[in-house]
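Q: Sharing start.cif, mmCIF, C-alpha atoms:
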```
data_work
loop_
_atom_site.label_atom_id
_atom_site.label_comp_id
_atom_site.auth_asym_id
_atom_site.auth_seq_id
_atom_site.Cartn_x
_atom_site.Cartn_y
_atom_site.Cartn_z
CA MET A 114 -58.76 172.66 76.63
CA VAL A 115 -60.55 175.48 74.82
CA LEU A 116 -61.40 174.84 71.18
CA ALA A 117 -62.72 177.10 68.49
CA VAL A 118 -65.01 175.05 66.28
CA PRO A 119 -66.14 176.58 63.01
CA ASP A 120 -69.82 175.86 62.30
CA TRP A 121 -70.42 174.16 65.64
CA PRO A 122 -74.08 173.05 65.49
CA GLY A 123 -74.61 173.53 69.22
CA HIS A 124 -74.86 170.84 71.90
CA LEU A 125 -76.81 169.78 74.96
CA ALA A 126 -75.40 169.79 78.50
CA GLY A 127 -73.98 166.32 79.14
CA GLN A 128 -73.00 165.48 75.56
CA HIS A 129 -69.48 164.47 74.56
CA VAL A 130 -67.12 164.49 71.61
CA ASP A 131 -64.90 161.71 70.30
CA VAL A 132 -61.34 162.95 69.77
CA ARG A 133 -59.22 161.01 67.30
CA LEU A 134 -55.44 161.12 67.07
CA THR A 135 -53.60 159.61 64.12
CA ALA A 136 -49.89 158.75 64.36
CA GLU A 137 -47.54 159.10 61.39
CA ASP A 138 -47.74 155.36 60.76
CA GLY A 139 -51.53 155.54 60.55
CA TYR A 140 -52.23 154.13 64.03
CA GLN A 141 -55.35 155.71 65.43
CA ALA A 142 -56.58 156.13 68.96
CA GLN A 143 -59.96 157.57 69.87
CA ARG A 144 -61.38 158.72 73.20
CA SER A 145 -64.58 160.34 74.38
CA TYR A 146 -64.44 163.59 76.36
CA SER A 147 -67.36 165.35 77.99
CA ILE A 148 -68.10 168.90 76.98
CA ALA A 149 -67.77 171.18 80.03
CA SER A 150 -68.99 174.39 78.41
CA PRO A 151 -72.73 175.10 78.37
CA PRO A 152 -74.85 175.05 75.23
CA ASP A 153 -75.39 178.75 75.78
CA ASP A 154 -71.76 179.47 74.83
CA ASN A 155 -71.41 178.62 71.18
CA GLU A 156 -68.20 180.55 70.56
CA ARG A 157 -65.88 178.04 72.14
CA LEU A 158 -65.95 174.46 73.25
CA VAL A 159 -64.33 173.53 76.55
CA LEU A 160 -63.15 169.99 77.27
CA THR A 161 -61.52 169.13 80.59
CA VAL A 162 -58.96 166.37 80.13
CA GLU A 163 -57.46 164.49 83.06
CA ARG A 164 -53.96 163.29 82.27
CA LEU A 165 -53.55 159.53 82.82
CA ASP A 166 -49.89 158.52 83.00
CA ASP A 167 -50.48 155.31 81.07
CA GLY A 168 -53.04 156.83 78.70
CA GLU A 169 -52.61 156.87 74.93
CA VAL A 170 -54.41 160.10 74.25
CA SER A 171 -54.60 162.27 77.38
CA PRO A 172 -50.79 162.78 77.80
CA TYR A 173 -50.64 164.10 74.25
CA LEU A 174 -53.59 166.44 74.78
CA VAL A 175 -52.23 167.73 78.09
CA ASP A 176 -48.48 167.90 77.35
CA GLU A 177 -48.06 168.28 73.61
CA LEU A 178 -51.02 170.17 72.23
CA ARG A 179 -50.23 173.82 71.47
CA PRO A 180 -52.43 176.81 70.66
CA GLY A 181 -53.19 176.74 66.97
CA ASP A 182 -52.95 172.94 66.60
CA ARG A 183 -55.83 171.25 64.84
CA LEU A 184 -57.73 168.28 66.22
CA GLU A 185 -59.94 165.72 64.54
CA PHE A 186 -63.13 165.02 66.40
CA ARG A 187 -66.73 163.97 66.05
CA GLY A 188 -69.63 165.50 67.92
CA PRO A 189 -71.66 166.53 69.66
CA ILE A 190 -72.86 163.04 70.48
CA GLY A 191 -75.06 161.36 73.03
CA GLY A 192 -78.72 161.91 73.74
CA TYR A 193 -79.22 159.97 76.95
CA PHE A 194 -76.97 161.50 79.60
CA VAL A 195 -78.16 165.05 78.89
CA TRP A 196 -80.08 167.70 80.73
CA ASP A 197 -81.95 170.53 79.14
CA ALA A 198 -83.67 173.27 81.13
CA SER A 199 -87.04 172.02 79.83
CA MET A 200 -86.54 168.66 81.60
CA GLY A 201 -87.03 170.30 84.99
CA GLY A 202 -85.92 168.77 88.25
CA PRO A 203 -85.13 168.94 91.05
CA LEU A 204 -81.63 167.92 90.04
CA PHE A 205 -79.30 165.71 92.03
CA LEU A 206 -75.82 165.65 90.53
CA VAL A 207 -73.20 163.24 91.87
CA ALA A 208 -69.60 163.54 90.65
CA GLY A 209 -66.43 161.58 91.28
CA GLY A 210 -63.20 163.31 90.20
CA SER A 211 -63.26 164.47 86.58
CA GLY A 212 -66.83 163.15 86.38
CA ILE A 213 -67.72 166.74 87.27
CA CYS A 214 -67.26 167.85 83.63
CA PRO A 215 -70.62 167.00 82.05
CA LEU A 216 -72.35 167.99 85.30
CA MET A 217 -70.57 171.36 85.15
CA ALA A 218 -72.07 171.88 81.68
CA MET A 219 -75.49 171.32 83.31
CA ILE A 220 -74.75 173.74 86.17
CA ARG A 221 -73.48 176.34 83.70
CA HIS A 222 -76.46 175.84 81.40
CA ARG A 223 -78.81 176.22 84.35
CA ALA A 224 -77.07 179.50 85.34
CA ALA A 225 -76.84 180.85 81.79
CA SER A 226 -80.50 180.22 81.09
CA ALA A 227 -81.54 181.76 84.44
CA ASN A 228 -83.18 178.46 85.29
CA THR A 229 -84.23 178.07 88.91
CA VAL A 230 -84.56 174.28 89.14
CA PRO A 231 -83.36 173.43 92.67
CA THR A 232 -80.04 171.64 92.26
CA ARG A 233 -77.79 169.75 94.62
CA LEU A 234 -74.28 168.62 93.74
CA LEU A 235 -72.41 166.00 95.74
CA TYR A 236 -68.80 166.00 94.59
CA SER A 237 -66.19 163.47 95.70
CA SER A 238 -62.49 164.32 95.27
CA ARG A 239 -59.27 162.94 96.71
CA SER A 240 -58.14 166.24 98.21
CA LEU A 241 -59.04 169.92 98.06
CA ALA A 242 -56.36 170.45 95.40
CA ASP A 243 -58.09 167.86 93.20
CA VAL A 244 -61.41 169.71 93.19
CA ILE A 245 -61.95 170.96 89.64
CA TYR A 246 -63.92 174.23 89.23
CA ARG A 247 -63.76 174.91 92.98
CA ASP A 248 -63.74 178.71 92.68
CA GLU A 249 -66.43 178.78 90.05
CA LEU A 250 -68.67 176.53 92.14
CA ASP A 251 -68.09 178.70 95.23
CA ARG A 252 -68.97 181.84 93.27
CA GLN A 253 -72.05 180.26 91.76
CA VAL A 254 -73.32 179.05 95.13
CA ALA A 255 -72.82 182.52 96.64
CA MET A 256 -75.00 184.06 93.90
CA ASP A 257 -77.63 181.38 93.61
CA GLY A 258 -79.77 180.17 96.48
CA GLY A 259 -81.10 177.30 94.36
CA LEU A 260 -77.72 175.64 94.02
CA HIS A 261 -76.32 173.61 96.89
CA VAL A 262 -72.84 172.05 96.70
CA VAL A 263 -71.40 169.50 99.13
CA HIS A 264 -67.84 168.21 98.87
CA THR A 265 -66.35 165.05 100.25
CA LEU A 266 -62.56 164.62 100.35
CA THR A 267 -61.64 160.96 100.48
CA ARG A 268 -57.85 160.91 100.91
CA ALA A 269 -56.59 164.15 102.41
CA GLN A 270 -58.41 166.93 104.19
CA PRO A 271 -57.02 170.40 104.95
CA GLU A 272 -56.72 171.45 108.58
CA GLY A 273 -60.05 172.49 110.01
CA TRP A 274 -62.04 170.76 107.23
CA ASN A 275 -65.55 170.30 108.49
CA GLY A 276 -67.01 168.70 105.38
CA HIS A 277 -67.28 165.02 104.60
CA SER A 278 -64.11 162.94 104.46
CA ARG A 279 -65.22 159.52 103.29
CA ARG A 280 -66.43 157.83 100.15
CA ILE A 281 -70.01 158.50 99.14
CA ASP A 282 -72.36 156.11 100.97
CA ALA A 283 -76.08 155.67 101.55
CA GLU A 284 -76.11 157.96 104.57
CA MET A 285 -74.45 160.77 102.60
CA LEU A 286 -76.78 160.33 99.63
CA GLU A 287 -79.78 160.54 101.94
CA GLU A 288 -78.43 163.57 103.75
CA VAL A 289 -77.40 165.56 100.67
CA GLY A 290 -79.88 164.33 98.07
CA TRP A 291 -83.60 164.71 97.67
CA ALA A 292 -86.18 162.38 99.17
CA PRO A 293 -87.47 159.87 96.60
CA ALA A 294 -90.93 161.47 96.91
CA GLU A 295 -89.52 164.68 95.36
CA ARG A 296 -88.80 162.63 92.21
CA PRO A 297 -85.41 164.18 91.45
CA LEU A 298 -83.57 163.62 88.19
CA ALA A 299 -80.20 162.18 89.17
CA PHE A 300 -77.06 162.33 87.01
CA VAL A 301 -74.09 160.33 88.27
CA CYS A 302 -70.68 160.58 86.58
CA GLY A 303 -67.26 159.31 87.58
CA PRO A 304 -65.14 156.18 87.75
CA THR A 305 -67.05 152.92 87.23
CA PRO A 306 -66.98 151.65 90.86
CA LEU A 307 -68.27 154.97 92.24
CA VAL A 308 -71.00 155.27 89.61
CA GLU A 309 -72.22 151.71 90.14
CA ALA A 310 -72.25 152.01 93.93
CA VAL A 311 -74.09 155.35 93.86
CA ALA A 312 -76.66 154.26 91.25
CA ARG A 313 -77.40 151.04 93.13
CA THR A 314 -77.72 152.85 96.44
CA LEU A 315 -80.07 155.48 95.02
CA VAL A 316 -82.36 152.75 93.70
CA ASP A 317 -82.15 150.94 97.06
CA LEU A 318 -83.17 154.19 98.75
CA GLY A 319 -86.34 154.22 96.68
CA HIS A 320 -85.44 156.36 93.66
CA GLU A 321 -86.83 155.32 90.28
CA ALA A 322 -84.12 153.56 88.29
CA ARG A 323 -85.10 155.36 85.09
CA ARG A 324 -84.57 158.75 86.73
CA VAL A 325 -81.01 157.83 87.72
CA LYS A 326 -78.75 158.36 84.70
CA THR A 327 -75.12 157.31 84.73
CA GLU A 328 -71.94 157.92 82.82
CA ARG A 329 -68.98 155.73 83.72
CA PHE A 330 -65.39 156.74 83.06
CA GLY A 331 -63.59 153.49 82.35
CA PRO A 332 -59.91 152.64 81.88
CA THR A 333 -60.31 153.16 78.13
CA GLY A 334 -61.11 156.78 78.86
CA GLY A 335 -57.44 157.84 78.89
CA MET B 210 -58.32 142.55 84.66
CA ASP B 211 -61.73 142.17 86.30
CA GLU B 212 -64.29 142.53 83.53
CA SER B 213 -66.46 144.94 85.46
CA GLN B 214 -63.51 147.35 85.36
CA LEU B 215 -63.97 147.57 81.60
CA ARG B 216 -67.60 148.52 81.89
CA LEU B 217 -68.84 151.78 80.44
CA ASP B 218 -72.32 153.05 79.69
CA GLY B 219 -73.99 152.67 76.33
CA ASN B 220 -73.52 156.47 76.12
CA ALA B 221 -69.95 155.84 75.01
CA ALA B 222 -71.19 154.01 71.89
CA ALA B 223 -73.07 157.09 70.65
CA GLY B 224 -70.35 158.02 68.17
CA VAL B 225 -70.08 154.67 66.43
CA LEU B 226 -73.87 154.16 66.36
CA GLN B 227 -74.23 157.54 64.71
CA GLU B 228 -72.38 156.10 61.71
CA ILE B 229 -75.25 153.85 60.70
CA PHE B 230 -78.36 154.96 62.52
CA VAL B 231 -80.05 158.17 61.45
CA GLN B 232 -81.51 158.78 64.91
CA GLU B 233 -79.50 159.39 68.07
CA LEU B 234 -79.56 155.87 69.45
CA THR B 235 -78.43 156.19 73.06
CA ALA B 236 -81.76 157.85 73.88
CA ALA B 237 -83.67 155.02 72.14
CA ARG B 238 -85.25 152.26 74.20
CA GLY B 239 -84.62 148.63 73.43
CA ALA B 240 -85.92 145.29 74.71
CA CYS B 241 -83.51 142.52 75.67
CA ALA B 242 -84.35 139.30 73.83
CA ALA B 243 -83.15 137.19 76.73
CA CYS B 244 -84.85 138.72 79.77
CA GLY B 245 -87.34 141.14 78.20
CA MET B 246 -86.11 144.13 80.19
CA VAL B 247 -86.62 147.46 78.43
CA ALA B 248 -84.00 150.17 78.87
CA HIS B 249 -82.37 153.06 77.07
CA ILE B 250 -79.34 152.07 75.02
CA GLY B 251 -77.35 154.73 76.90
CA ALA B 252 -78.11 152.94 80.16
CA GLN B 253 -76.90 149.51 79.03
CA HIS B 254 -73.42 148.23 79.76
CA LEU B 255 -70.76 148.78 77.13
CA TYR B 256 -67.51 146.82 77.09
CA MET B 257 -64.65 148.11 74.99
CA TYR B 258 -62.13 145.32 75.00
CA PRO B 259 -58.65 146.78 74.65
CA ARG B 260 -57.23 143.73 72.88
CA ALA B 261 -60.20 143.03 70.63
CA PRO B 262 -61.23 145.25 67.73
CA GLY B 263 -64.65 146.27 68.81
CA ALA B 264 -67.27 146.90 71.42
CA VAL B 265 -69.97 144.79 73.06
CA LEU B 266 -73.20 146.17 74.48
CA ARG B 267 -74.73 143.99 77.18
CA CYS B 268 -78.06 144.08 79.00
CA ASN B 269 -77.67 145.88 82.33
CA THR B 270 -80.02 143.37 83.95
CA CYS B 271 -79.10 139.89 82.68
CA ASP B 272 -75.76 140.61 80.97
CA SER B 273 -76.81 139.06 77.63
CA VAL B 274 -75.18 140.45 74.49
CA LEU B 275 -77.46 143.01 72.83
CA MET B 276 -75.21 144.46 70.15
CA VAL B 277 -71.65 144.02 68.90
CA VAL B 278 -69.47 146.24 66.75
CA VAL B 279 -66.42 144.65 65.14
CA ASN B 280 -63.80 146.54 63.18
CA ASP B 281 -62.09 144.43 60.55
CA ARG B 282 -59.80 145.60 57.75
CA GLY B 283 -61.52 148.83 56.98
CA ARG B 284 -65.03 147.54 57.55
CA ARG B 285 -67.30 147.77 60.53
CA ARG B 286 -69.79 145.03 61.25
CA PHE B 287 -72.80 145.70 63.45
CA GLY B 288 -74.59 142.74 64.99
CA LEU B 289 -77.78 143.00 67.00
CA PRO B 290 -78.23 139.46 68.26
CA GLY B 291 -80.02 140.25 71.49
CA LEU B 292 -82.46 143.09 70.83
CA THR B 293 -86.12 142.24 70.21
CA TRP B 294 -86.90 145.81 69.28
CA LEU B 295 -85.61 149.36 69.27
CA GLU B 296 -87.87 152.34 69.79
CA VAL B 297 -87.07 155.86 68.60
CA PRO B 298 -89.20 159.00 68.48
CA GLU B 299 -91.01 159.55 65.18
CA PRO B 300 -89.16 162.15 63.16
CA PRO B 301 -90.92 165.52 63.02
CA PRO B 302 -93.12 166.04 59.94
CA GLY B 303 -91.10 167.02 56.92
CA GLY B 304 -87.88 166.02 58.70
#
```
Can you turn what I pasted into structure tokens?

A:
Amino acid sequence: MVLAVPDWPGHLAGQHVDVRLTAEDGYQAQRSYSIASPPDDNERLVLTVERLDDGEVSPYLVDELRPGDRLEFRGPIGGYFVWDASMGGPLFLVAGGSGICPLMAMIRHRAASANTVPTRLLYSSRSLADVIYRDELDRQVAMDGGLHVVHTLTRAQPEGWNGHSRRIDAEMLEEVGWAPAERPLAFVCGPTPLVEAVARTLVDLGHEARRVKTERFGPTGG
Amino acid sequence: MDESQLRLDGNAAAGVLQEIFVQELTAARGACAACGMVAHIGAQHLYMYPRAPGAVLRCNTCDSVLMVVVNDRGRRRFGLPGLTWLEVPEPPPGG
């Protein structure tokens, strides 16, 4: 979803907006969506919305919204789950499904600001077709030796797939991530069970809890 | 539904907190009155109950209620029953 926002004040990578829909009878529903575009691109705001069949808001945004429609929203908001180039790294980004969105804003911000903070992304998807931003990530990795991307496909793998094919576990986090002694900044975003398991495991592995930041996508996120 | 399934991060409360607090509050630190643990508001656990008109922020360590937001007939009530203190950066001079 690409939005033109007049007088957008600018945002930080990782921030979100609250989108509010109002029905004709006055009923209102509000949801938070992460901003996927980097702060360096102020002309347009990109939100990636995953359609949930039983959602109140996402089916409207995905199926009904047309170019030229106007949306009511509040933002940018959030000051905790954000990364700015000045915060340094190394960065360890862990995404589950559409949890990639705020992390993509960080990857794009890092690229747009020619930042060289070593960055590793561990990205869990159901199948290759479910991987959002696959081409862009491939292109970025090819151009940038400081960015390392590892996929795991948990439900279906294409023939000849030699990547990971299980849920993220301690062994995978150790293999892909940084050693605790490197003091990485970790950002974990995805469905609640994945986020909680990953955050707990990182702390168990010896990472400082305050350097592991999380953003859970709950069932009210639809 | 299992209650842990409803759990979000305090990050998701940023919008509603912005309505009454001048500073961005999810990056603020707060101390839990029950267990004393200090954490960023964005890192606490937020429960948005689908059948109740509001949100509850709980300590990510001991699960005590830190803050509640209740919507009622055009008003919004903020309660902070479980925070000993909140800490925000000093605003820049002249700000």

Q: Mind listing as a list of chain:residue names which residues of chain B are within 9 Å of chain A, counting only C-alpha atoms?

A: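 Residues passing the distance filter: B:Ser213, B:Gln214, B:Leu215, B:Arg216, B:Leu217, B:Asp218, B:Gly219, B:Asn220, B:Ala221, B:Ala222, B:Ala223, B:Gly224, B:Gln227, B:Glu233, B:Leu234, B:Thr235, B:Ala236, B:Ala237, B:Ala248, B:His249, B:Ile250, B:Gly251, B:Ala252, B:Met257, B:Tyr258, B:Pro259.
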
Q: So that I can check the surroundings of Val115 of chain A, please list as a ChimeraX atom specification every protein, DNA and RNA residue that reaches within 8 Å of it, counting only C-alpha atoms and ignoring chain neighbours fewer than 2 positions away.

A: /A:117,157-160

Q: Taking all atoms listed in the file into account, which of A:Arg164, A:Arg268, A:Arg324, A:His124 comes nearest Ala242 of chain A?

A: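 Closest residue, counting all atoms listed in the file: A:Arg268.
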
Q: Fewer than 2 positions away in the same chain doesn't count, so skip those; otherwise give me all residues within 7 Å of segment 285-294 of chain B, counting only C-alpha atoms, as a PyMOL selection string.

A: chain B and resi 239-243+274-281+283+296

Q: Which residues, named as in the file, does the PyMOL selection byres ((chain A and resi 283-287) around 8) pick out? Answer as a list in words.

A: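 This file, filtered by the PyMOL selection byres ((chain A and resi 283-287) around 8), leaves Ile281, Asp282, Glu288, Val289, Gly290, Trp291, Ala292, Val311, Thr314, Leu315 and Leu318 of chain A.
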
Q: Of the residues A:Arg221, A:Arg296, A:His320, A:His264, which is the one nearest to Glu249 of chain A, using only C-alpha atoms?

A: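 Ranked by minimum distance to Glu249 of chain A, first place goes to A:Arg221.
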
Q: Considering only C-alpha atoms, return as a ChimeraX atom specification whatever protein or nucleic-acid residues lie within 8 Å of Pro231 of chain A, sequence-local ones (same chain, fewer than 5 positions apart) excluded.

A: /A:202-204,259-260

Q: Translate the PyMOL selection byres ((chain A and resi 244) around 12), as applied to the file shown, into an explicit residue set as a PyMOL selection string.

A: chain A and resi 208-214+235-243+245-251+263-267+269-270
